[in-house]
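The structure file coords-v1.tsv is reproduced below (TSV, C-alpha atoms and all ligand atoms).
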```
chain	number	residue	atom	x	y	z
D	252	MET	CA	0.00	0.00	0.00
D	253	ALA	CA	1.24	3.46	-0.92
D	254	LYS	CA	1.79	6.61	1.05
D	255	ILE	CA	-0.75	9.08	-0.33
D	256	VAL	CA	-1.07	11.83	2.26
D	257	SER	CA	1.76	13.98	3.61
D	258	SER	CA	2.34	17.72	3.57
D	259	TRP	CA	3.97	20.03	6.11
D	260	ASN	CA	4.05	23.38	4.34
D	261	ASP	CA	3.05	25.25	1.19
D	262	TRP	CA	6.33	25.11	-0.73
D	263	ASP	CA	7.83	21.62	-0.80
D	264	PRO	CA	7.49	19.77	-4.15
D	265	LEU	CA	3.78	19.16	-4.79
D	266	LYS	CA	2.86	15.65	-5.95
D	267	ARG	CA	-0.85	15.31	-5.25
D	268	VAL	CA	-3.56	17.90	-4.73
D	269	ILE	CA	-7.33	18.40	-4.61
D	270	VAL	CA	-8.83	20.99	-6.99
D	271	GLY	CA	-12.38	22.22	-6.27
D	272	ARG	CA	-15.43	22.28	-8.56
D	273	CYS	CA	-17.98	25.05	-9.15
D	274	ASP	CA	-20.99	22.81	-9.92
D	275	ASN	CA	-24.27	23.80	-8.24
D	276	SER	CA	-22.61	26.71	-6.42
D	277	VAL	CA	-24.88	29.01	-4.48
D	278	ILE	CA	-24.64	32.56	-3.21
D	279	PRO	CA	-25.81	31.72	0.31
D	280	PRO	CA	-28.54	33.59	2.19
D	281	GLU	CA	-27.42	36.03	4.86
D	282	GLU	CA	-26.65	34.51	8.24
D	283	PRO	CA	-24.88	35.85	11.33
D	284	ALA	CA	-21.28	35.36	10.14
D	285	THR	CA	-21.59	36.06	6.43
D	286	SER	CA	-23.04	39.60	6.35
D	287	GLU	CA	-19.81	40.86	7.80
D	288	LYS	CA	-17.81	39.65	4.82
D	289	VAL	CA	-19.90	41.12	2.02
D	290	PRO	CA	-18.77	44.71	1.32
D	291	VAL	CA	-21.56	47.20	1.89
D	292	ASP	CA	-21.60	48.33	-1.76
D	293	SER	CA	-21.38	44.79	-3.17
D	294	GLU	CA	-23.91	43.82	-5.81
D	295	MET	CA	-24.25	40.56	-3.84
D	296	ARG	CA	-25.76	42.13	-0.74
D	297	GLY	CA	-29.27	40.83	-0.18
D	298	MET	CA	-28.99	38.41	-3.10
D	299	TRP	CA	-28.95	34.64	-2.79
D	300	GLY	CA	-29.59	31.52	-4.85
D	301	LEU	CA	-27.88	29.34	-7.43
D	302	ARG	CA	-25.11	31.11	-9.31
D	303	PRO	CA	-25.80	31.68	-13.05
D	304	LEU	CA	-25.01	28.54	-15.05
D	305	GLU	CA	-22.74	30.31	-17.53
D	306	THR	CA	-20.54	31.56	-14.66
D	307	VAL	CA	-20.40	28.03	-13.23
D	308	GLU	CA	-19.33	26.65	-16.60
D	309	ARG	CA	-16.70	29.35	-17.02
D	310	GLY	CA	-15.43	28.83	-13.44
D	311	ASN	CA	-15.09	25.11	-14.10
D	312	GLU	CA	-13.23	25.85	-17.34
D	313	CYS	CA	-10.73	27.90	-15.30
D	314	LEU	CA	-10.29	25.06	-12.82
D	315	GLU	CA	-9.68	22.70	-15.73
D	316	ASN	CA	-6.88	25.04	-16.87
D	317	LEU	CA	-5.28	24.54	-13.48
D	318	VAL	CA	-5.80	20.77	-13.56
D	319	LYS	CA	-4.08	20.58	-16.95
D	320	ILE	CA	-1.06	22.58	-15.78
D	321	LEU	CA	-0.72	20.34	-12.74
D	322	GLU	CA	-1.18	17.06	-14.60
D	323	ASP	CA	1.25	18.12	-17.34
D	324	ARG	CA	3.82	18.48	-14.57
D	325	GLY	CA	3.08	15.04	-13.16
D	326	VAL	CA	0.99	16.17	-10.18
D	327	VAL	CA	-1.91	13.81	-9.36
D	328	VAL	CA	-5.17	15.78	-9.16
D	329	ASP	CA	-8.20	14.63	-7.17
D	330	ARG	CA	-11.63	16.26	-7.42
D	331	PRO	CA	-14.52	16.53	-4.93
D	332	THR	CA	-18.05	15.24	-5.56
D	333	PRO	CA	-20.39	18.25	-5.55
D	334	LEU	CA	-23.71	18.04	-3.72
D	335	GLN	CA	-26.93	19.78	-4.69
D	336	TRP	CA	-25.84	22.83	-2.71
D	337	ASN	CA	-29.15	24.72	-2.89
D	338	GLN	CA	-30.80	22.37	-0.38
D	339	ALA	CA	-31.95	23.70	2.98
D	340	ILE	CA	-30.11	22.20	5.95
D	341	GLY	CA	-30.70	21.80	9.63
D	342	THR	CA	-29.18	20.44	12.82
D	343	PRO	CA	-30.70	20.43	16.32
D	344	ASP	CA	-29.13	23.88	16.74
D	345	PHE	CA	-29.84	25.82	13.54
D	346	ARG	CA	-31.60	25.88	10.20
D	347	ASN	CA	-30.22	27.42	7.01
D	348	ASP	CA	-31.98	27.87	3.68
D	349	SER	CA	-29.00	26.70	1.60
D	350	MET	CA	-25.46	25.39	1.51
D	351	MET	CA	-22.78	27.04	-0.66
D	352	THR	CA	-20.31	25.13	-2.85
D	353	CYS	CA	-17.24	22.87	-2.90
D	354	MET	CA	-15.01	25.75	-3.79
D	355	PRO	CA	-12.62	26.44	-2.31
D	356	PRO	CA	-11.27	23.26	-0.72
D	357	ARG	CA	-8.54	25.21	1.11
D	358	ASP	CA	-11.17	26.54	3.55
D	359	ILE	CA	-12.41	23.09	4.47
D	360	LEU	CA	-9.43	20.72	4.54
D	361	LEU	CA	-6.24	21.15	6.54
D	362	THR	CA	-3.37	18.76	5.80
D	363	ILE	CA	-0.72	18.44	8.48
D	364	GLY	CA	1.68	15.58	7.87
D	365	ASN	CA	-0.30	12.39	7.26
D	366	GLU	CA	-3.50	13.88	8.64
D	367	ILE	CA	-6.27	15.65	6.73
D	368	MET	CA	-8.70	17.36	9.05
D	369	ALA	CA	-12.05	18.83	8.10
D	370	ALA	CA	-12.33	22.31	9.59
D	371	ALA	CA	-14.74	23.81	12.11
D	372	ASN	CA	-16.11	26.53	9.82
D	373	SER	CA	-18.15	29.35	11.28
D	374	PHE	CA	-20.56	29.81	8.35
D	375	ARG	CA	-23.69	27.71	8.79
D	376	CYS	CA	-23.99	27.36	5.00
D	377	ARG	CA	-20.66	25.48	5.00
D	378	TYR	CA	-21.58	23.01	7.73
D	379	PHE	CA	-21.96	20.03	5.38
D	380	GLU	CA	-19.43	21.04	2.72
D	381	TYR	CA	-16.99	18.40	3.96
D	382	LEU	CA	-19.28	15.74	2.48
D	383	ALA	CA	-18.02	16.62	-1.02
D	384	TYR	CA	-14.55	15.46	0.02
D	385	TRP	CA	-15.58	12.30	1.88
D	386	PRO	CA	-15.33	10.02	-1.18
D	387	LEU	CA	-11.69	11.12	-1.51
D	388	MET	CA	-11.05	10.61	2.19
D	389	GLU	CA	-12.51	7.10	1.94
D	390	MET	CA	-10.15	6.35	-0.94
D	391	TYR	CA	-7.09	7.71	0.90
D	392	PHE	CA	-8.10	5.77	4.00
D	393	GLU	CA	-8.38	2.56	2.02
D	394	GLN	CA	-5.12	3.02	0.14
D	395	ASP	CA	-2.79	4.68	2.66
D	396	PRO	CA	-2.41	2.78	5.96
D	397	ASP	CA	-0.84	5.83	7.63
D	398	PHE	CA	-3.54	8.31	6.64
D	399	LYS	CA	-5.24	9.98	9.60
D	400	TRP	CA	-8.75	11.02	8.65
D	401	THR	CA	-9.99	13.58	11.13
D	402	GLN	CA	-12.87	15.90	11.76
D	403	ALA	CA	-12.26	18.83	14.11
D	404	PRO	CA	-14.88	19.22	16.86
D	405	ARG	CA	-18.02	20.35	15.10
D	406	PRO	CA	-19.11	23.78	16.29
D	407	ARG	CA	-22.78	23.97	17.22
D	408	LEU	CA	-23.21	27.38	15.56
D	409	THR	CA	-26.11	28.33	17.79
D	410	ASP	CA	-26.96	32.01	18.20
D	411	LYS	CA	-24.43	32.08	21.05
D	412	SER	CA	-21.60	31.59	18.56
D	413	TYR	CA	-22.10	35.08	17.08
D	414	LYS	CA	-22.26	38.66	18.26
D	415	HIS	CA	-25.68	39.86	17.26
D	416	ASN	CA	-26.06	43.29	15.70
D	417	TYR	CA	-22.31	43.19	15.09
D	418	TYR	CA	-22.84	44.04	11.47
D	419	ASP	CA	-24.28	47.47	10.76
D	420	GLU	CA	-24.51	48.60	7.17
D	421	LYS	CA	-23.59	52.14	8.20
D	422	ILE	CA	-20.22	51.03	9.52
D	423	THR	CA	-17.37	52.98	7.91
D	424	LEU	CA	-14.10	51.56	6.65
D	425	GLU	CA	-12.28	53.27	9.52
D	426	GLU	CA	-14.59	51.62	12.04
D	427	ARG	CA	-13.97	48.25	10.43
D	428	LEU	CA	-10.23	48.79	10.70
D	429	GLU	CA	-10.59	49.82	14.35
D	430	ARG	CA	-12.43	46.56	15.01
D	431	THR	CA	-9.72	44.51	13.30
D	432	ALA	CA	-7.04	46.30	15.33
D	433	ALA	CA	-9.04	45.68	18.52
D	434	LYS	CA	-9.51	42.00	17.51
D	435	ASP	CA	-13.25	42.49	17.75
D	436	PHE	CA	-14.81	40.03	15.31
D	437	VAL	CA	-18.29	38.66	14.62
D	438	THR	CA	-17.75	35.29	16.31
D	439	THR	CA	-17.83	34.80	20.07
D	440	GLU	CA	-15.51	32.47	21.98
D	441	VAL	CA	-18.04	29.87	23.15
D	442	GLU	CA	-16.48	27.17	20.94
D	443	PRO	CA	-13.51	26.83	18.55
D	444	MET	CA	-14.37	27.94	15.00
D	445	TRP	CA	-11.89	28.09	12.16
D	446	ASP	CA	-11.44	27.96	8.41
D	447	ALA	CA	-8.48	25.91	7.21
D	448	ALA	CA	-7.38	28.81	4.97
D	449	ASP	CA	-6.61	30.83	8.11
D	450	VAL	CA	-3.88	28.34	9.03
D	451	MET	CA	-0.43	28.80	7.50
D	452	ARG	CA	1.58	25.61	7.92
D	453	MET	CA	5.31	26.05	8.33
D	454	GLY	CA	6.69	22.76	9.59
D	455	LYS	CA	6.61	22.78	13.38
D	456	ALA	CA	5.02	26.24	13.46
D	457	LEU	CA	1.41	27.09	12.67
D	458	PHE	CA	0.57	30.76	12.08
D	459	ILE	CA	-3.17	31.20	12.43
D	460	GLN	CA	-5.06	34.34	11.50
D	461	HIS	CA	-7.53	35.63	14.08
D	462	GLY	CA	-10.32	37.27	12.10
D	463	LEU	CA	-13.87	36.95	10.88
D	464	THR	CA	-13.68	33.19	10.30
D	465	THR	CA	-11.32	31.97	13.04
D	466	ASN	CA	-11.55	32.80	16.74
D	467	ARG	CA	-9.18	32.68	19.70
D	468	ALA	CA	-10.69	29.47	21.04
D	469	ALA	CA	-9.48	27.81	17.82
D	470	MET	CA	-5.88	28.81	18.60
D	471	ASP	CA	-6.21	27.30	22.03
D	472	TRP	CA	-7.71	24.13	20.55
D	473	PHE	CA	-4.87	23.82	18.01
D	474	GLN	CA	-2.19	24.21	20.66
D	475	ARG	CA	-3.76	21.46	22.76
D	476	TYR	CA	-4.31	19.16	19.78
D	477	TYR	CA	-0.76	19.62	18.50
D	478	PRO	CA	1.31	20.07	21.69
D	479	GLU	CA	4.51	19.42	19.74
D	480	PHE	CA	3.81	22.41	17.44
D	481	ARG	CA	4.07	26.12	18.20
D	482	VAL	CA	0.86	27.95	17.40
D	483	HIS	CA	1.20	31.68	16.69
D	484	ALA	CA	-1.92	33.82	16.52
D	485	VAL	CA	-1.56	36.56	13.92
D	486	ASN	CA	-3.75	39.54	13.18
D	487	PHE	CA	-3.43	42.01	10.31
D	488	PRO	CA	-4.85	45.36	11.44
D	489	GLY	CA	-4.82	46.79	7.88
D	490	ASP	CA	-7.51	44.37	6.71
D	491	PRO	CA	-11.12	45.57	7.03
D	492	TYR	CA	-12.44	42.10	6.05
D	493	PRO	CA	-9.93	39.70	7.66
D	494	ILE	CA	-10.71	36.28	6.31
D	495	HIS	CA	-8.06	33.74	5.30
D	496	ILE	CA	-4.34	34.32	5.47
D	497	ASP	CA	-3.51	33.38	1.87
D	498	ALA	CA	-4.10	36.75	0.24
D	499	THR	CA	-2.16	38.48	3.01
D	500	PHE	CA	0.93	36.51	3.99
D	501	VAL	CA	2.20	33.94	1.49
D	502	PRO	CA	5.43	31.91	1.81
D	503	LEU	CA	7.27	31.14	-1.45
D	504	ARG	CA	10.15	29.11	-0.07
D	505	PRO	CA	11.99	28.73	3.22
D	506	GLY	CA	13.22	32.22	4.13
D	507	LEU	CA	10.92	34.20	1.82
D	508	ILE	CA	7.39	35.51	2.31
D	509	ILE	CA	5.33	38.06	0.41
D	510	ASN	CA	3.13	40.29	2.56
D	511	ASN	CA	0.16	42.35	1.40
D	512	PRO	CA	1.41	45.97	1.75
D	513	HIS	CA	-2.01	47.10	3.02
D	514	ARG	CA	-1.96	44.40	5.69
D	515	PRO	CA	1.56	44.39	7.11
D	516	LEU	CA	2.40	41.84	9.76
D	517	PRO	CA	2.77	43.82	12.99
D	518	GLU	CA	5.31	43.31	15.72
D	519	PRO	CA	5.90	41.07	17.64
D	520	GLN	CA	5.12	38.38	15.02
D	521	ARG	CA	7.38	40.11	12.51
D	522	ALA	CA	10.27	39.65	14.93
D	523	ILE	CA	9.81	35.85	14.84
D	524	PHE	CA	10.53	35.86	11.11
D	525	GLU	CA	13.32	38.39	11.21
D	526	ALA	CA	15.07	36.59	14.06
D	527	ASN	CA	15.18	33.48	11.85
D	528	ASP	CA	16.47	35.30	8.74
D	529	TRP	CA	13.21	35.25	6.85
D	530	GLN	CA	12.77	38.04	4.35
D	531	ILE	CA	9.30	39.63	4.29
D	532	VAL	CA	8.76	41.34	0.92
D	533	GLU	CA	5.81	43.60	0.09
D	534	ALA	CA	3.70	41.91	-2.59
D	535	ALA	CA	3.31	43.63	-5.96
D	536	ASP	CA	0.13	45.58	-6.62
D	537	PRO	CA	-2.78	43.67	-8.15
D	538	ALA	CA	-3.34	44.19	-11.88
D	539	HIS	CA	-7.06	44.86	-11.27
D	540	THR	CA	-8.80	47.61	-9.36
D	541	GLU	CA	-11.96	45.55	-8.79
D	542	PRO	CA	-12.65	41.87	-8.19
D	543	PRO	CA	-14.78	40.14	-10.85
D	544	ALA	CA	-18.59	40.27	-10.57
D	545	LEU	CA	-20.29	38.34	-7.73
D	546	CYS	CA	-16.99	37.83	-5.90
D	547	TYR	CA	-16.57	37.90	-2.12
D	548	SER	CA	-12.81	38.29	-2.20
D	549	SER	CA	-10.57	41.31	-2.65
D	550	VAL	CA	-8.28	42.19	-5.56
D	551	TRP	CA	-5.46	40.74	-3.46
D	552	LEU	CA	-6.20	37.30	-4.80
D	553	SER	CA	-3.37	38.49	-7.06
D	554	MET	CA	-0.94	37.05	-4.48
D	555	ASN	CA	-2.96	33.87	-3.87
D	556	CYS	CA	-0.53	31.71	-5.80
D	557	LEU	CA	0.16	27.98	-5.78
D	558	VAL	CA	3.79	27.08	-5.12
D	559	LEU	CA	4.76	23.84	-6.87
D	560	ASP	CA	8.26	23.70	-5.40
D	561	PRO	CA	10.68	26.27	-3.96
D	562	LYS	CA	11.54	27.47	-7.48
D	563	THR	CA	8.21	27.21	-9.29
D	564	VAL	CA	4.93	29.00	-8.75
D	565	ILE	CA	1.59	29.22	-10.56
D	566	VAL	CA	0.25	32.81	-10.73
D	567	GLU	CA	-3.04	33.98	-12.22
D	568	ALA	CA	-2.49	34.85	-15.91
D	569	SER	CA	-3.75	38.46	-15.77
D	570	GLU	CA	-1.71	39.29	-12.64
D	571	VAL	CA	1.24	40.65	-14.57
D	572	HIS	CA	2.75	42.66	-11.70
D	573	GLN	CA	2.73	39.68	-9.38
D	574	GLN	CA	4.27	37.51	-12.11
D	575	GLU	CA	7.02	40.04	-12.70
D	576	GLN	CA	7.79	40.25	-9.00
D	577	MET	CA	7.92	36.46	-8.61
D	578	ASP	CA	10.29	36.31	-11.55
D	579	LYS	CA	12.58	38.89	-9.90
D	580	LEU	CA	12.44	36.87	-6.68
D	581	GLY	CA	13.94	33.96	-8.59
D	582	MET	CA	10.81	31.89	-9.16
D	583	ASN	CA	9.86	30.22	-12.44
D	584	VAL	CA	6.36	31.52	-13.09
D	585	ILE	CA	3.60	29.49	-14.72
D	586	PRO	CA	0.59	31.67	-15.65
D	587	CYS	CA	-2.88	30.14	-15.29
D	588	ASP	CA	-6.13	31.72	-16.49
D	589	LEU	CA	-8.26	31.43	-13.34
D	590	ARG	CA	-9.83	34.85	-12.68
D	591	ASP	CA	-13.35	33.75	-13.55
D	592	ALA	CA	-13.15	31.12	-10.79
D	593	TYR	CA	-12.50	33.85	-8.16
D	594	PRO	CA	-16.23	34.43	-7.49
D	595	PHE	CA	-16.50	30.83	-6.33
D	596	GLY	CA	-14.28	31.49	-3.37
D	597	GLY	CA	-10.77	32.39	-4.31
D	598	GLY	CA	-7.59	32.10	-6.31
D	599	LEU	CA	-5.06	29.41	-7.04
D	600	HIS	CA	-4.15	28.56	-3.46
D	601	CYS	CA	-7.77	28.71	-2.29
D	602	SER	CA	-8.93	26.44	-5.13
D	603	THR	CA	-6.70	23.61	-3.97
D	604	ALA	CA	-5.92	21.52	-0.89
D	605	ASP	CA	-2.63	19.72	-0.41
D	606	VAL	CA	-2.56	15.94	-0.36
D	607	TYR	CA	1.12	15.15	-0.84
D	608	ARG	CA	4.27	17.23	-0.90
D	609	GLU	CA	7.71	15.74	-0.60
D	610	GLY	CA	9.67	16.81	2.45
D	611	GLU	CA	9.56	16.49	6.17
D	612	CYS	CA	8.49	18.43	9.21
D	613	LEU	CA	11.25	20.95	9.93
D	614	ASP	CA	11.61	23.60	12.58
D	615	TYR	CA	12.02	26.89	10.72
D	616	PHE	CA	11.69	29.00	13.88
D	617	PRO	CA	13.76	27.22	16.53
D	701	LIG	N1	-10.02	33.61	0.56
D	701	LIG	C1	-9.07	34.66	0.56
D	701	LIG	C2	-9.77	36.01	0.54
D	701	LIG	C3	-8.88	37.08	0.97
D	701	LIG	C4	-9.25	38.44	0.47
D	701	LIG	O1	-10.42	38.71	0.11
D	701	LIG	O2	-8.36	39.30	0.40
```
Now that the file is in, can you turn its structure into structure tokens?
Amino acid sequence: MAKIVSSWNDWDPLKRVIVGRCDNSVIPPEEPATSEKVPVDSEMRGMWGLRPLETVERGNECLENLVKILEDRGVVVDRPTPLQWNQAIGTPDFRNDSMMTCMPPRDILLTIGNEIMAAANSFRCRYFEYLAYWPLMEMYFEQDPDFKWTQAPRPRLTDKSYKHNYYDEKITLEERLERTAAKDFVTTEVEPMWDAADVMRMGKALFIQHGLTTNRAAMDWFQRYYPEFRVHAVNFPGDPYPIHIDATFVPLRPGLIINNPHRPLPEPQRAIFEANDWQIVEAADPAHTEPPALCYSSVWLSMNCLVLDPKTVIVEASEVHQQEQMDKLGMNVIPCDLRDAYPFGGGLHCSTADVYREGECLDYFP
């Protein structure tokens, strides 16, 4: 039997990966944690339902572009099994009128070594999204005797999990930034809640973003679950919509990170990197001034790249400034046309989840 699952970071040579699918994707109805993320002037505010079919087809076409690039380079690509996402759901604790999508996988699955863990997401509409990946988990479990198939404690997501009236449509950008700086987010601390895309894996260190989708209780839970790891909570006060670390702070190889210039890593976390000779470089400006239509994410998906190995990176094809910067930083750049998949939840890193990268668990911050 083969070893199928192992990955300790985002830069070692990639051999196997999951790429999401846009089929049946839904713009979910408003619920306590999602209103906060939709910009006040977004055309998506107040709208919900199945996404237009032509956008789904175009999003899938973009994901196929990525699959082809990966397969041409010998990377094994696995795909989820989409559900009919526009079904209403319920648990003993809540009801929701719809689910969302199986894009992006990076929010749902966290790979640490030989373990893939389904996250404890704070959006009710994402509560059953893990089911799209269960056929793959079954296969890995059958074929890899070392694979640890795990589900993080399921949050109950009752009304106690959220601050009510937290979102106010009159809130200004400055007020949002004040909240981020004060670490005042929409979730409460009654239970650990986290999206896997808030966790940056760096060998024996985990840097986890505290923001709209991941709370402090999650940091505590991670430290207890992985006592042999060092968990560092990070917060980026320049981000008015702090959700997911991978358009903010992106490692390219050991010793080199690009950081969103609008969301600089503050002290004292910066000191951890500098003390270990890591270079933190400001990411290039995005090529676009607006995200595509019906997109939750910011233009900073420009830096949401997929590193194939410490010398090779896939960057979105229209992100010419980011490509040029990567090239200057000594990376071989592979462009991939993926922008029309952004509305489904993110860029190249978001659209994937690691299954296997060569390499071992190293201590980069001794
Ligand atoms: N899923 C990453 C989104 C980050 C951003 O909107 O900047």
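You can rank D:Trp529, D:His461, D:Pro404, D:Ser286 by their closest distance to Asp419 (chain D) using only C-alpha atoms, and at the top of that list sits D:Ser286.
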Min atom-atom distance to ligand LIG 701 (chain D) from the set D:Leu314, D:Val485, D:Val606, D:Ile359, counting only C-alpha atoms and all ligand atoms, belongs to D:Ile359
List all protein, DNA and RNA residues that have an atom no more than 6 Å from any atom of ligand LIG 701 (chain D), counting all atoms listed in the file, and report them as a ChimeraX atom specification. /D:494-495,497-498,548-549,551-552,597
(message) Give me the residues near Val268 (chain D) as a ChimeraX atom specification, where near means some atom within 9 Å (using all atoms listed in the file) and where sequence neighbours in that chain fewer than 4 positions away do not count.
(response) /D:321,326-330,603-608
Could you pull the residues within 10 Å of Asp348 (chain D), counting all atoms listed in the file, minus those fewer than 6 positions along the same chain, as a PyMOL selection string? chain D and resi 279-282+299-300+337-341+375-376
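Of the residues listed (D:Arg467, D:Pro617, D:Ile320, D:Thr342), D:Ile320 shows the shortest atom-to-atom separation from Cys587 (chain D); distances use all atoms listed in the file.
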The residue from D:Val441, D:Ala433, D:Ile565, D:Met295 with the smallest atom-to-atom distance to His600 (chain D), counting only C-alpha atoms, is D:Ile565
I'd like the box whose edges run along x, y and z of the file and which contains every listed atom of region 323-342 of chain D, padded by 3 Å per side; could you state its centre and edge lengths in Å, one decimal, as lines of an AutoDock Vina configuration file?
```
center_x = -14.1
center_y = 19.3
center_z = -2.3
size_x = 41.8
size_y = 16.9
size_z = 36.2
```
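Of the listed residues D:Gln335, D:Phe398, D:Lys319, D:Ala284, the one whose atoms come nearest to Asn372 (chain D) is D:Ala284, with distances taken using all atoms listed in the file.
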Of D:Arg405, D:Glu380, D:Thr285, D:Val532, the one nearest to Lys579 (chain D) when counting all atoms listed in the file is D:Val532
Distance query 10 Å from (13.8, 35.2, -2.4) using only C-alpha atoms, result as a PyMOL selection string: chain D and resi 502-509+529-532+561-562+577-582
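CA of Arg357 (chain D) is found 25.9 Å from CA of Asp344 (chain D).
For the atom pair formed by CA of Leu304 (chain D) and CA of Met351 (chain D), the distance is 14.6 Å, given to one decimal.
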